[in-house]
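Below is one structure, written out as structure tokens; comments come after it.
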Amino acid sequence: MSDTITVAGVPVDTRHWIGGRRVASAGTFTDHSPIDGSALGEIARGGPAEAEAAVAAARDAFPGWAATPRAERARILHAVADGVEKRIEELAIVETTDNGALLRSHRRGVMPRVAHNFRFFADWLLRLEHEDFETRGHTNHVSWDPAGPCVLITPWNAPLMLATWKVAPALAAGNTVVLKPAEWSPLTASLLADIAAEAGLPAGVLNVVQGYGSEIGDALTSHPDVRRISFTGSVPTAKRIAESAAAHLTPLSLELGGKSPLLVFADADLDLAVDLAVEQYDNAGQVCLAATRLLVEESIVAEFTRRFVEKASALKQGDPRDEATDIGPNIHPRQLEKIDGFVQRALAAGARAVIGGHRKDGQYYAPTLLTDVAQDSEIVQEEVFGPVLTLQTFAGEDEAVRLADDTRFGLAATVATGDRERAERVTARLVAGTVWVNCFFVRDLRAPFGGSRQSGVGREGGTWSFDFYCDLKNTVTAPEGWEQDHG
């Protein structure tokens, strides 16, 4: 069996990348395209042995990479970004084939953002400093020391962008990395390993291991030589990772699920509000930040719903490689079953499908809007992770905020209003890591990102990323002349 598969004309090595070389496994798993269900190839299926080898490679490479001057680390990360930019078309078509997201989005937004992740953290590293301060004549100097090998476990909905959101700051900080991509979309992580090697990243600094969930994950997250763990995914998996990390008190960064609200007030620009609402179907609803709970003021709900249905019904669903497609497939048959289960249980409980509410051919689910849903119902409280929105109404600000905050999550929220003072009042009361006002999905890497409640632990972005991926040290130096006075 060949170790390389060809995806849309692009060769992809299916083996692990450990210690600067390709490593096969005794077992494999089949990777399928969600576009048509076709088998893309057999992927090396790692376990404890591969986990041990990857962590050992990262541990051995750490002293040299940590000692590499900041300017040189930054230069190499910029070279990685150069490599990404040269291969945007290849990365875009491979990832679209592997996870079903829109090719036009990968070409124009996602893959350029992958390159930007490396450039941003390379540049931020060079300006990273803290102003010294004095205590009774003694000087305090804060430094960011590399922590050690990091395990990064990434999701399938935006594989390479979310992987590099973690890989770039971890490497910039002087750490070494073991990256474990999601088994449903592993291919662009393998290409990233090639790009990093071509850019001059030393062997063992970046390692990529593939495998199913706990088969390899438990060995990585419980390893005593791992100094940081960053995970994006579900709450149940995060709890398992936290239990594994507890044995060695390994610091965690967890970016988890969401059940975010979109609050639409009567004074909002209604066309804008409808656009924001329909935008939540992006990536077939497979976006953790998506505002899946539409909360609309009673006085405008009829007109809002009419305009929403008109706009949502015009979305084109189909092959994500088609430039005209707006919504592609869902990632996997299991995910499709999960989505449909949520919807059918909601309909059985009395919800009404304004649009959608059913599966389509293949791995496609019709964009769905459910109304007549209770606040304590499963469909309102639990993350579906598909193209499914709910619609509820409110009478005033207090009720809007109460409904918005009444879940166990707190990842994001969106507010549509024409009143600046109202926006300030409402956003101050919302429990969320990110709040957008009259916009959505505007992300600046300088800003902190993470969730509240069960949407996560910690923040990353800008200096917050370095705070996590480093051991912060404060060095206190006595006043000049101390040596003479006490020598």
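Every chain in the structure tokens has a letter given in the order shown (A, B, ...), and although residue numbers restart at 1 in each chain, ligands are simply numbered from 1 in the order shown.
Summary of the local environment: counting only C-alpha atoms, residues at most 10 Å from range 303-316 of chain A, other than itself and those fewer than 5 positions away along its chain, are A:Val264, A:Ala266, A:Leu270, A:Asp271, A:Ala273, A:Val274, A:Asp275, A:Leu276, A:Ala277, A:Val278, A:Glu279, A:Tyr281, A:Val296, A:Glu297, A:Glu298, A:Ala324, A:Thr325, A:Asp326, A:Ile327, A:Gly328, A:Val354, A:Ile355, A:Gly356, A:Ala366, A:Pro367, A:Thr368, A:Leu369, A:Leu391.
On the backbone of this structure, DSSP gives strand (DSSP E or B) within range 199-350 of chain A to Leu206, Asn207, Val208, Arg228, Ile229, Ser230, Phe231, Thr232, Leu252, Ser253, Leu254, Glu255, Pro261, Leu262, Leu263, Val264, Arg293, Leu294, Leu295, Val296, Glu297, Gln317 and Ile327 of chain A.
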task: Write out as a PyMOL selection string which residues come within 12 Å of Ala423 in chain A when counting only C-alpha atoms, dropping same-chain ones fewer than 2 positions away.
output: chain A and resi 263-265+267-268+397+401+413-421+425-430+435-438
Keeping only N, CA and C atoms, write those residues as a PDB file, in the first residue's frame.
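File written: part_16.pdb
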ATOM      1  N   LEU A 263     -29.126  38.662  19.369  1.00  0.00           N
ATOM      2  CA  LEU A 263     -30.211  39.481  19.898  1.00  0.00           C
ATOM      3  C   LEU A 263     -30.550  40.565  18.886  1.00  0.00           C
ATOM      4  N   VAL A 264     -31.781  40.576  18.417  1.00  0.00           N
ATOM      5  CA  VAL A 264     -32.224  41.560  17.422  1.00  0.00           C
ATOM      6  C   VAL A 264     -33.278  42.456  18.057  1.00  0.00           C
ATOM      7  N   PHE A 265     -32.931  43.721  18.246  1.00  0.00           N
ATOM      8  CA  PHE A 265     -33.851  44.680  18.848  1.00  0.00           C
ATOM      9  C   PHE A 265     -34.635  45.404  17.749  1.00  0.00           C
ATOM     10  N   ASP A 267     -35.012  48.395  17.127  1.00  0.00           N
ATOM     11  CA  ASP A 267     -34.371  49.565  16.531  1.00  0.00           C
ATOM     12  C   ASP A 267     -33.202  49.190  15.630  1.00  0.00           C
ATOM     13  N   ALA A 268     -32.998  47.902  15.392  1.00  0.00           N
ATOM     14  CA  ALA A 268     -31.885  47.457  14.555  1.00  0.00           C
ATOM     15  C   ALA A 268     -32.172  47.725  13.079  1.00  0.00           C
ATOM     16  N   GLU A 397     -35.295  44.472  27.100  1.00  0.00           N
ATOM     17  CA  GLU A 397     -33.886  44.169  27.338  1.00  0.00           C
ATOM     18  C   GLU A 397     -33.676  43.100  28.405  1.00  0.00           C
ATOM     19  N   VAL A 401     -31.664  39.586  27.687  1.00  0.00           N
ATOM     20  CA  VAL A 401     -30.427  39.177  28.351  1.00  0.00           C
ATOM     21  C   VAL A 401     -30.629  37.888  29.132  1.00  0.00           C
ATOM     22  N   ALA A 413     -21.586  36.080  21.544  1.00  0.00           N
ATOM     23  CA  ALA A 413     -22.927  36.635  21.407  1.00  0.00           C
ATOM     24  C   ALA A 413     -22.870  37.735  20.363  1.00  0.00           C
ATOM     25  N   THR A 414     -23.997  37.967  19.691  1.00  0.00           N
ATOM     26  CA  THR A 414     -24.100  39.025  18.691  1.00  0.00           C
ATOM     27  C   THR A 414     -25.323  39.867  19.014  1.00  0.00           C
ATOM     28  N   VAL A 415     -25.166  41.176  18.898  1.00  0.00           N
ATOM     29  CA  VAL A 415     -26.251  42.112  19.208  1.00  0.00           C
ATOM     30  C   VAL A 415     -26.491  43.001  17.998  1.00  0.00           C
ATOM     31  N   ALA A 416     -27.753  43.078  17.576  1.00  0.00           N
ATOM     32  CA  ALA A 416     -28.142  43.982  16.494  1.00  0.00           C
ATOM     33  C   ALA A 416     -29.047  45.056  17.069  1.00  0.00           C
ATOM     34  N   THR A 417     -28.578  46.295  17.057  1.00  0.00           N
ATOM     35  CA  THR A 417     -29.351  47.406  17.598  1.00  0.00           C
ATOM     36  C   THR A 417     -28.859  48.701  16.972  1.00  0.00           C
ATOM     37  N   GLY A 418     -29.741  49.679  16.892  1.00  0.00           N
ATOM     38  CA  GLY A 418     -29.372  50.987  16.402  1.00  0.00           C
ATOM     39  C   GLY A 418     -29.086  51.982  17.509  1.00  0.00           C
ATOM     40  N   ASP A 419     -29.122  51.510  18.748  1.00  0.00           N
ATOM     41  CA  ASP A 419     -28.960  52.378  19.921  1.00  0.00           C
ATOM     42  C   ASP A 419     -27.631  52.049  20.597  1.00  0.00           C
ATOM     43  N   ARG A 420     -26.670  52.967  20.522  1.00  0.00           N
ATOM     44  CA  ARG A 420     -25.344  52.718  21.088  1.00  0.00           C
ATOM     45  C   ARG A 420     -25.404  52.497  22.603  1.00  0.00           C
ATOM     46  N   GLU A 421     -26.224  53.279  23.298  1.00  0.00           N
ATOM     47  CA  GLU A 421     -26.308  53.111  24.753  1.00  0.00           C
ATOM     48  C   GLU A 421     -26.899  51.744  25.100  1.00  0.00           C
ATOM     49  N   ARG A 425     -25.219  48.749  27.354  1.00  0.00           N
ATOM     50  CA  ARG A 425     -25.892  48.138  28.498  1.00  0.00           C
ATOM     51  C   ARG A 425     -25.981  46.622  28.339  1.00  0.00           C
ATOM     52  N   VAL A 426     -26.397  46.192  27.170  1.00  0.00           N
ATOM     53  CA  VAL A 426     -26.632  44.764  26.941  1.00  0.00           C
ATOM     54  C   VAL A 426     -25.329  43.984  26.932  1.00  0.00           C
ATOM     55  N   THR A 427     -24.329  44.480  26.215  1.00  0.00           N
ATOM     56  CA  THR A 427     -23.072  43.734  26.139  1.00  0.00           C
ATOM     57  C   THR A 427     -22.416  43.604  27.512  1.00  0.00           C
ATOM     58  N   ALA A 428     -22.605  44.592  28.353  1.00  0.00           N
ATOM     59  CA  ALA A 428     -22.035  44.517  29.702  1.00  0.00           C
ATOM     60  C   ALA A 428     -22.643  43.379  30.511  1.00  0.00           C
ATOM     61  N   ARG A 429     -23.863  42.979  30.174  1.00  0.00           N
ATOM     62  CA  ARG A 429     -24.558  41.949  30.948  1.00  0.00           C
ATOM     63  C   ARG A 429     -24.464  40.556  30.333  1.00  0.00           C
ATOM     64  N   LEU A 430     -23.985  40.465  29.103  1.00  0.00           N
ATOM     65  CA  LEU A 430     -23.914  39.163  28.440  1.00  0.00           C
ATOM     66  C   LEU A 430     -22.709  38.365  28.928  1.00  0.00           C
ATOM     67  N   VAL A 435     -18.207  39.401  22.121  1.00  0.00           N
ATOM     68  CA  VAL A 435     -19.509  39.965  21.760  1.00  0.00           C
ATOM     69  C   VAL A 435     -19.325  40.851  20.534  1.00  0.00           C
ATOM     70  N   TRP A 436     -20.122  40.581  19.506  1.00  0.00           N
ATOM     71  CA  TRP A 436     -20.131  41.414  18.308  1.00  0.00           C
ATOM     72  C   TRP A 436     -21.374  42.296  18.308  1.00  0.00           C
ATOM     73  N   VAL A 437     -21.208  43.561  17.963  1.00  0.00           N
ATOM     74  CA  VAL A 437     -22.330  44.484  17.850  1.00  0.00           C
ATOM     75  C   VAL A 437     -22.458  44.905  16.393  1.00  0.00           C
ATOM     76  N   ASN A 438     -23.593  44.555  15.783  1.00  0.00           N
ATOM     77  CA  ASN A 438     -23.877  44.886  14.382  1.00  0.00           C
ATOM     78  C   ASN A 438     -22.812  44.350  13.423  1.00  0.00           C
TER      79      ASN A 438
END
message: For Gly386 in chain A, find every residue with an atom within 7 Å (counting only C-alpha atoms), except residues of its own chain fewer than 4 positions away, and show them as a PyMOL selection string.
response: chain A and resi 284-286+339
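CA of Pro251 in chain A to CA of Gly451 in chain A spans 16.4 Å [interatomic distance, one decimal].
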- prompt: Which of these residues is nearest to Ala81 in chain A, using only C-alpha atoms: A:Val7, A:Leu201, A:Val94, A:Ala351?
  reply: A:Leu201
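Proximity ranking of A:Asp269, A:Glu129, A:Val287, A:Phe231 relative to Ala158 in chain A places A:Val287 first, based on only C-alpha atoms.
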field: Gly458 in chain A surroundings by only C-alpha atoms, 8 Å radius, close-in-sequence under 5 positions cut, as a PyMOL selection string
entry: chain A and resi 252-254+450-451
query: Which polymer residues have any atom within 8 Å of an atom of Val384 in chain A, counting only C-alpha atoms, with same-chain residues fewer than 5 positions away left out, as a PyMOL selection string?
result: chain A and resi 338-339+342+379
- request: Write out as a PyMOL selection string which residues come within 8 Å of range 144-151 of chain A when counting only C-alpha atoms, dropping same-chain ones fewer than 2 positions away.
  value: chain A and resi 55+58-59+62+66+142+153+170+173-180+220-221+225-230+466-467+469-473
task: Could you please write out, as JSON, numbers by chain, every residue of range 49-163 of chain A that DSSP assigns to alpha helix (DSSP H)?
output: {"A": [49, 50, 51, 52, 53, 54, 55, 56, 57, 58, 59, 60, 61, 62, 63, 64, 65, 66, 67, 70, 71, 72, 73, 74, 75, 76, 77, 78, 79, 80, 81, 82, 83, 84, 85, 86, 88, 89, 90, 91, 92, 93, 94, 95, 96, 97, 98, 99, 103, 104, 105, 111, 112, 113, 114, 115, 116, 117, 118, 119, 120, 121, 122, 123, 124, 125, 126, 127, 159, 160, 161, 162, 163]}
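With only C-alpha atoms as the atoms that count, the residue of A:Ile300, A:Ala400, A:Ala290, A:Val84 with the shortest distance to Glu198 in chain A is A:Val84.
For the pair CA of Pro479 in chain A and CA of Gly137 in chain A, the separation is 5.8 Å.
For the atom pair formed by CA of Arg75 in chain A and CA of Val205 in chain A, the distance is 14.9 Å, given to one decimal.
Counting only C-alpha atoms and comparing A:Ala432, A:Ala39, A:Ala238, A:Leu262, the residue that lies closest to Leu411 in chain A is A:Ala432.
Closest approach to Ser234 in chain A from the set A:Cys288, A:Ala395, A:Leu128, A:Leu389 is made by A:Cys288, with distances taken over only C-alpha atoms.
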